[in-house]
Amino acid sequence: MGGPALSQRRHLVTEIPGPVSRDLLERRQRSVARGLSHVLPVFVTAAGGGVLIDADGNSLIDFSSGIAVTSVGNSADLVVSRVSEQVARFTHTCFMVVPYEGYVEVCEELNRITPGSHEKRSALVNSGAEAVENAVKIARHATGRQAVVVFDHAYHGRTNLTMAMTAKNMPYKDGFGPFAGEVYRVPMAYPFRWPGGPAKCADEALDVACGLIHAQVGENRVAAIVIEPIQGEGGFIVPPPGFLPGLADYCREHGIIFIADEIQSGFCRTGDWFACDHEQVVPDLVTTAKGIAGGLPLAGVTGRAEIMDSVHAGGLGGTFGGNPVACAAALGAIETMTKEDLPAAARRIGEVMLPRLRKLAERHPVIGDIRGRGAMIAIEMVKPGTIEPDAATTSKVAKACHAAGLIVLTCGTYGNVVRFLPPLVISPDLLNEGLDVLEEAFSQI
Ligand SMILES: Cc1ncc(COP(=O)(O)O)c(C=O)c1O
């Protein structure tokens with residue numbers, strides 16, 4: 001059995017991966033397509049709180065949450081009870097055929113917790129990419145315009161439109177074109193790498209973005225600007241204060257729909273319910289997924305009622321979108337986040353991690369930048385004394401962590417960022433033990 005009752009400790013009984021996982025990996029190689037890769041090929045049998053148990057009986061510390069999904073922990077009590085009850089009642093009708101209350105309740109919750117107190121509507125789908133696709137469809141329909149503006153280092157998914165919106169070629173786009181048209185890219189406000197330095201980054205990046213839109217696209221052709229308020233796969237890039245509010249103002253001035261892709265940064269991860277809340281930015285549309293349902297597949301688009309309702313009946317939907325079991329899970333996850341005050345838990349995680357990472361950086365000049373908010377924290381690795389990315393050392397650190405039973409992820413356009421996304425329910429002891437493992441990994445490189 002998994003869930004929060006699992007013993008919250010790191011305990012290795014074999015090398016990583018162990019013999020049972022290696023056997024399973026061989027079977028996997030004969031049956032599963034090569035295009036799907038693994039960060040760490042240990043096969044999981046149970047998980048809960050901040051640990052994963054593998055098929056060899058190893059207990060590993062989880063600093064990934066399945067890429068920012070199991071924020072409430074794996075098999076969280078309220079998710080398990082609500083899902084079990086729903087599964088026993090009915091598993092599917094298709095909301096477009098016969099509706100059910102759980103879907104409506106999730107939309108009510110999304111309308112309540114996303115930024116802004118204006119009247120909202122929501123639509124539920126299956127994945128983050130599908131949420132982004134739908135947000136763009138809605139924005140185009142509402143404005144009668146076609147162009148979509150995105151940013152350097154952006155990640156929005158793996159479908160045709162969202163590949164076009166994603167910045168990084170390898171592994172996401174290479175050989176998969178041609179891509180959807182009318183997608184335009186502008187530089188991201190990336191303080192660590194901004195040519196004029198971090199102090200000028202917000203103003204200059206805003207000027208560059210608006211200047212390019214004006215010169216190369218035309219404001220009157222832009223349906224939407226889509227931005228991750230803290231970029232995820234691109235390297236946990238936190239735009240400097242003022243950039244997001246400035247962008248929101250610019251959108252308002254030109255009738256452009258401001259879409260915040262909160263798929264990775266949402267649901268308490270950054271210490272607020274949504275990353276936009278930090279600067280009181282109110283997007284027109286918000287896309288959500290990942291942390292929304294404690295691990296079950298669900299995603300949403302939430303936004304201003306008049307924009308969402310501009311689409312004709314039947315224009316949105318899909319067979320599985322807003323599946324009743326996934327909705328039950330979401331209601332359990334949101335209740336957990338509220339009852340356990342997980343925004344505060346995320347802030348506490350940041351307060352433990354950041355000082356320890358700063359001390360680590362003093363000893364290891366390969367750490368060029370430490371950034372993030374709440375429990376969405378990363379270190380960017382460079383050749384000491386430069387900003388030249390050091391992907392090789394990044395990979396060595398991640399591998400050393402994995403071998404010692406700590407699951408960390410890398411990211412970044414240049415593959416030189418180690419990111420930390422622990423479940424928000426992780427215990428302080430386990431969090432500190434994970435950081436001990438990280439420090440030990442650095443001492444080995
Ligand atoms: C910001 C952002 N948008 C969209 C997506 C795509 O979500 P999914 O993998 O559920 O399609 C992701 C996934 O990592 C993401 O981080």
# chains A, B, ... in the order shown; residues from 1 in each chain; ligands from 1
>>> residues_near_ligand(ligand="ligand 1", cutoff="7 Å", atoms="only C-alpha atoms and all ligand atoms", output="NGL selection string")
:A and (67 or 127-130 or 132 or 155-158 or 228 or 231-233 or 261-264 or 289-290)
>>> residues_around(residues="Ala46 (chain A)", least_positions_apart="6", cutoff="10 Å", atoms="only C-alpha atoms", output="PyMOL selection string")
chain A and resi 1-3+6+52-55+57+59+74-75
>>> select_by_dssp(residues="region 210-290 of chain A", states="alpha helix (DSSP H)", output="list in words")
Cys210, Gly211, Leu212, Phe243, Leu244, Pro245, Gly246, Leu247, Ala248, Asp249, Tyr250, Cys251, Arg252, Glu253 and His254 of chain A
>>> residues_around(residues="region 171-182 of chain A", least_positions_apart="6", cutoff="8 Å", atoms="only C-alpha atoms", output="ChimeraX atom specification")
/A:146-148,158,160-161,163-164
>>> write_last_selection(atoms="N, CA, C and O atoms", output="mmCIF file, in the first residue's frame")
data_model
loop_
_atom_site.group_PDB
_atom_site.id
_atom_site.type_symbol
_atom_site.label_atom_id
_atom_site.label_comp_id
_atom_site.auth_asym_id
_atom_site.auth_seq_id
_atom_site.Cartn_x
_atom_site.Cartn_y
_atom_site.Cartn_z
ATOM 1 N N GLN A 146 -5.689 35.914 -35.339
ATOM 2 C CA GLN A 146 -5.043 34.599 -35.451
ATOM 3 C C GLN A 146 -3.693 34.477 -34.747
ATOM 4 O O GLN A 146 -3.309 33.385 -34.328
ATOM 5 N N ALA A 147 -2.924 35.567 -34.666
ATOM 6 C CA ALA A 147 -1.537 35.427 -34.210
ATOM 7 C C ALA A 147 -1.462 35.114 -32.715
ATOM 8 O O ALA A 147 -2.277 35.589 -31.916
ATOM 9 N N VAL A 148 -0.462 34.303 -32.371
ATOM 10 C CA VAL A 148 -0.207 33.936 -30.980
ATOM 11 C C VAL A 148 1.257 34.255 -30.685
ATOM 12 O O VAL A 148 2.133 33.859 -31.448
ATOM 13 N N ARG A 158 3.313 18.950 -26.417
ATOM 14 C CA ARG A 158 3.857 18.127 -27.512
ATOM 15 C C ARG A 158 2.875 17.884 -28.647
ATOM 16 O O ARG A 158 3.129 17.052 -29.510
ATOM 17 N N ASN A 160 0.656 19.351 -32.044
ATOM 18 C CA ASN A 160 1.235 20.140 -33.144
ATOM 19 C C ASN A 160 1.280 21.628 -32.825
ATOM 20 O O ASN A 160 2.325 22.268 -32.990
ATOM 21 N N LEU A 161 0.173 22.200 -32.349
ATOM 22 C CA LEU A 161 0.198 23.631 -32.034
ATOM 23 C C LEU A 161 1.153 23.911 -30.870
ATOM 24 O O LEU A 161 1.920 24.871 -30.913
ATOM 25 N N MET A 163 3.740 22.205 -29.860
ATOM 26 C CA MET A 163 5.147 22.086 -30.283
ATOM 27 C C MET A 163 5.598 23.390 -30.930
ATOM 28 O O MET A 163 6.715 23.859 -30.712
ATOM 29 N N ALA A 164 4.727 23.952 -31.757
ATOM 30 C CA ALA A 164 5.074 25.227 -32.406
ATOM 31 C C ALA A 164 5.302 26.314 -31.358
ATOM 32 O O ALA A 164 6.152 27.192 -31.533
#
>>> residues_around(residues="His92 (chain A)", least_positions_apart="6", cutoff="8 Å", atoms="only C-alpha atoms", output="PyMOL selection string")
chain A and resi 320+323-325
>>> residues_around(residues="region 207-215 of chain A", least_positions_apart="3", cutoff="8 Å", atoms="only C-alpha atoms", output="PDB file with all heavy atoms, in the first residue's frame")
ATOM      1  N   VAL A 149       1.496  34.974 -29.594  1.00  0.00           N
ATOM      2  CA  VAL A 149       2.871  35.344 -29.241  1.00  0.00           C
ATOM      3  C   VAL A 149       3.314  34.520 -28.042  1.00  0.00           C
ATOM      4  O   VAL A 149       2.585  34.409 -27.044  1.00  0.00           O
ATOM      5  CB  VAL A 149       2.974  36.859 -28.937  1.00  0.00           C
ATOM      6  CG1 VAL A 149       4.364  37.220 -28.422  1.00  0.00           C
ATOM      7  CG2 VAL A 149       2.639  37.672 -30.192  1.00  0.00           C
ATOM      8  N   VAL A 186       9.093  35.899 -28.923  1.00  0.00           N
ATOM      9  CA  VAL A 186       9.857  37.084 -28.497  1.00  0.00           C
ATOM     10  C   VAL A 186      10.753  36.687 -27.319  1.00  0.00           C
ATOM     11  O   VAL A 186      10.519  35.653 -26.677  1.00  0.00           O
ATOM     12  CB  VAL A 186       8.907  38.248 -28.103  1.00  0.00           C
ATOM     13  CG1 VAL A 186       8.116  38.734 -29.300  1.00  0.00           C
ATOM     14  CG2 VAL A 186       7.984  37.860 -26.959  1.00  0.00           C
ATOM     15  N   PRO A 187      11.794  37.486 -27.021  1.00  0.00           N
ATOM     16  CA  PRO A 187      12.708  37.115 -25.930  1.00  0.00           C
ATOM     17  C   PRO A 187      12.002  37.105 -24.579  1.00  0.00           C
ATOM     18  O   PRO A 187      11.073  37.873 -24.333  1.00  0.00           O
ATOM     19  CB  PRO A 187      13.775  38.215 -25.953  1.00  0.00           C
ATOM     20  CG  PRO A 187      13.686  38.817 -27.305  1.00  0.00           C
ATOM     21  CD  PRO A 187      12.241  38.702 -27.723  1.00  0.00           C
ATOM     22  N   ASP A 203      12.268  46.119 -17.719  1.00  0.00           N
ATOM     23  CA  ASP A 203      11.903  47.204 -18.648  1.00  0.00           C
ATOM     24  C   ASP A 203      12.369  46.902 -20.066  1.00  0.00           C
ATOM     25  O   ASP A 203      11.624  47.077 -21.037  1.00  0.00           O
ATOM     26  CB  ASP A 203      12.533  48.529 -18.190  1.00  0.00           C
ATOM     27  CG  ASP A 203      11.846  49.042 -16.944  1.00  0.00           C
ATOM     28  OD1 ASP A 203      10.765  48.505 -16.609  1.00  0.00           O
ATOM     29  OD2 ASP A 203      12.397  49.948 -16.292  1.00  0.00           O
ATOM     30  N   GLU A 204      13.623  46.460 -20.167  1.00  0.00           N
ATOM     31  CA  GLU A 204      14.169  46.242 -21.513  1.00  0.00           C
ATOM     32  C   GLU A 204      13.453  45.077 -22.214  1.00  0.00           C
ATOM     33  O   GLU A 204      13.151  45.154 -23.407  1.00  0.00           O
ATOM     34  CB  GLU A 204      15.678  45.979 -21.444  1.00  0.00           C
ATOM     35  CG  GLU A 204      16.455  47.233 -21.061  1.00  0.00           C
ATOM     36  CD  GLU A 204      17.973  47.053 -21.108  1.00  0.00           C
ATOM     37  OE1 GLU A 204      18.457  45.945 -21.443  1.00  0.00           O
ATOM     38  OE2 GLU A 204      18.670  48.024 -20.789  1.00  0.00           O
ATOM     39  N   GLY A 218       2.050  43.077 -35.673  1.00  0.00           N
ATOM     40  CA  GLY A 218       0.942  44.045 -35.662  1.00  0.00           C
ATOM     41  C   GLY A 218       0.002  43.706 -34.521  1.00  0.00           C
ATOM     42  O   GLY A 218      -0.564  42.605 -34.498  1.00  0.00           O
ATOM     43  N   GLU A 219      -0.141  44.651 -33.584  1.00  0.00           N
ATOM     44  CA  GLU A 219      -0.951  44.365 -32.384  1.00  0.00           C
ATOM     45  C   GLU A 219      -2.364  43.927 -32.745  1.00  0.00           C
ATOM     46  O   GLU A 219      -2.953  43.063 -32.093  1.00  0.00           O
ATOM     47  CB  GLU A 219      -1.046  45.602 -31.471  1.00  0.00           C
ATOM     48  CG  GLU A 219       0.243  46.029 -30.804  1.00  0.00           C
ATOM     49  CD  GLU A 219       1.097  46.949 -31.665  1.00  0.00           C
ATOM     50  OE1 GLU A 219       0.805  47.104 -32.871  1.00  0.00           O
ATOM     51  OE2 GLU A 219       2.063  47.514 -31.118  1.00  0.00           O
ATOM     52  N   TYR A 250      -0.109  45.874 -21.353  1.00  0.00           N
ATOM     53  CA  TYR A 250       0.050  45.981 -22.806  1.00  0.00           C
ATOM     54  C   TYR A 250      -1.071  45.216 -23.519  1.00  0.00           C
ATOM     55  O   TYR A 250      -1.658  45.702 -24.494  1.00  0.00           O
ATOM     56  CB  TYR A 250       1.427  45.434 -23.180  1.00  0.00           C
ATOM     57  CG  TYR A 250       1.674  45.283 -24.653  1.00  0.00           C
ATOM     58  CD1 TYR A 250       1.995  46.393 -25.442  1.00  0.00           C
ATOM     59  CD2 TYR A 250       1.594  44.033 -25.270  1.00  0.00           C
ATOM     60  CE1 TYR A 250       2.230  46.254 -26.800  1.00  0.00           C
ATOM     61  CE2 TYR A 250       1.828  43.879 -26.623  1.00  0.00           C
ATOM     62  CZ  TYR A 250       2.139  44.989 -27.387  1.00  0.00           C
ATOM     63  OH  TYR A 250       2.365  44.843 -28.728  1.00  0.00           O
TER      64      TYR A 250
END
>>> select_by_dssp(residues="region 120-255 of chain A", states="strand (DSSP E or B)", output="mmCIF file with C-alpha atoms, in the first residue's frame")
data_model
loop_
_atom_site.group_PDB
_atom_site.id
_atom_site.type_symbol
_atom_site.label_atom_id
_atom_site.label_comp_id
_atom_site.auth_asym_id
_atom_site.auth_seq_id
_atom_site.Cartn_x
_atom_site.Cartn_y
_atom_site.Cartn_z
ATOM 1 C CA LYS A 120 -15.495 33.235 -14.960
ATOM 2 C CA ARG A 121 -16.225 30.016 -16.819
ATOM 3 C CA SER A 122 -14.088 26.874 -17.098
ATOM 4 C CA ALA A 123 -13.733 23.947 -19.475
ATOM 5 C CA LEU A 124 -12.036 20.650 -18.573
ATOM 6 C CA VAL A 125 -9.783 18.553 -20.800
ATOM 7 C CA ALA A 147 -1.537 35.427 -34.210
ATOM 8 C CA VAL A 148 -0.207 33.936 -30.980
ATOM 9 C CA VAL A 149 2.871 35.344 -29.241
ATOM 10 C CA VAL A 150 5.084 33.117 -27.092
ATOM 11 C CA PHE A 151 8.508 33.423 -25.484
ATOM 12 C CA VAL A 183 3.037 31.548 -33.758
ATOM 13 C CA TYR A 184 5.568 34.327 -33.059
ATOM 14 C CA ARG A 185 8.365 34.213 -30.489
ATOM 15 C CA VAL A 186 9.857 37.084 -28.497
ATOM 16 C CA VAL A 222 -2.577 39.248 -32.086
ATOM 17 C CA ALA A 223 -5.220 37.045 -30.478
ATOM 18 C CA ALA A 224 -3.172 36.112 -27.418
ATOM 19 C CA ILE A 225 0.128 36.358 -25.612
ATOM 20 C CA VAL A 226 0.824 33.084 -23.813
ATOM 21 C CA ILE A 227 3.353 33.018 -20.984
#
>>> closest_residue(among="A:Ala167, A:Val97, A:Val69, A:Val20", to="Leu421 (chain A)", atoms="only C-alpha atoms")
A:Val69
>>> atom_distance(atom1="CA of Thr159 (chain A)", atom2="CA of Asn134 (chain A)")
11.7 Å
>>> closest_residue(among="A:Asp77, A:Leu430, A:Pro422, A:Val282", to="Ser7 (chain A)", atoms="only C-alpha atoms")
A:Leu430
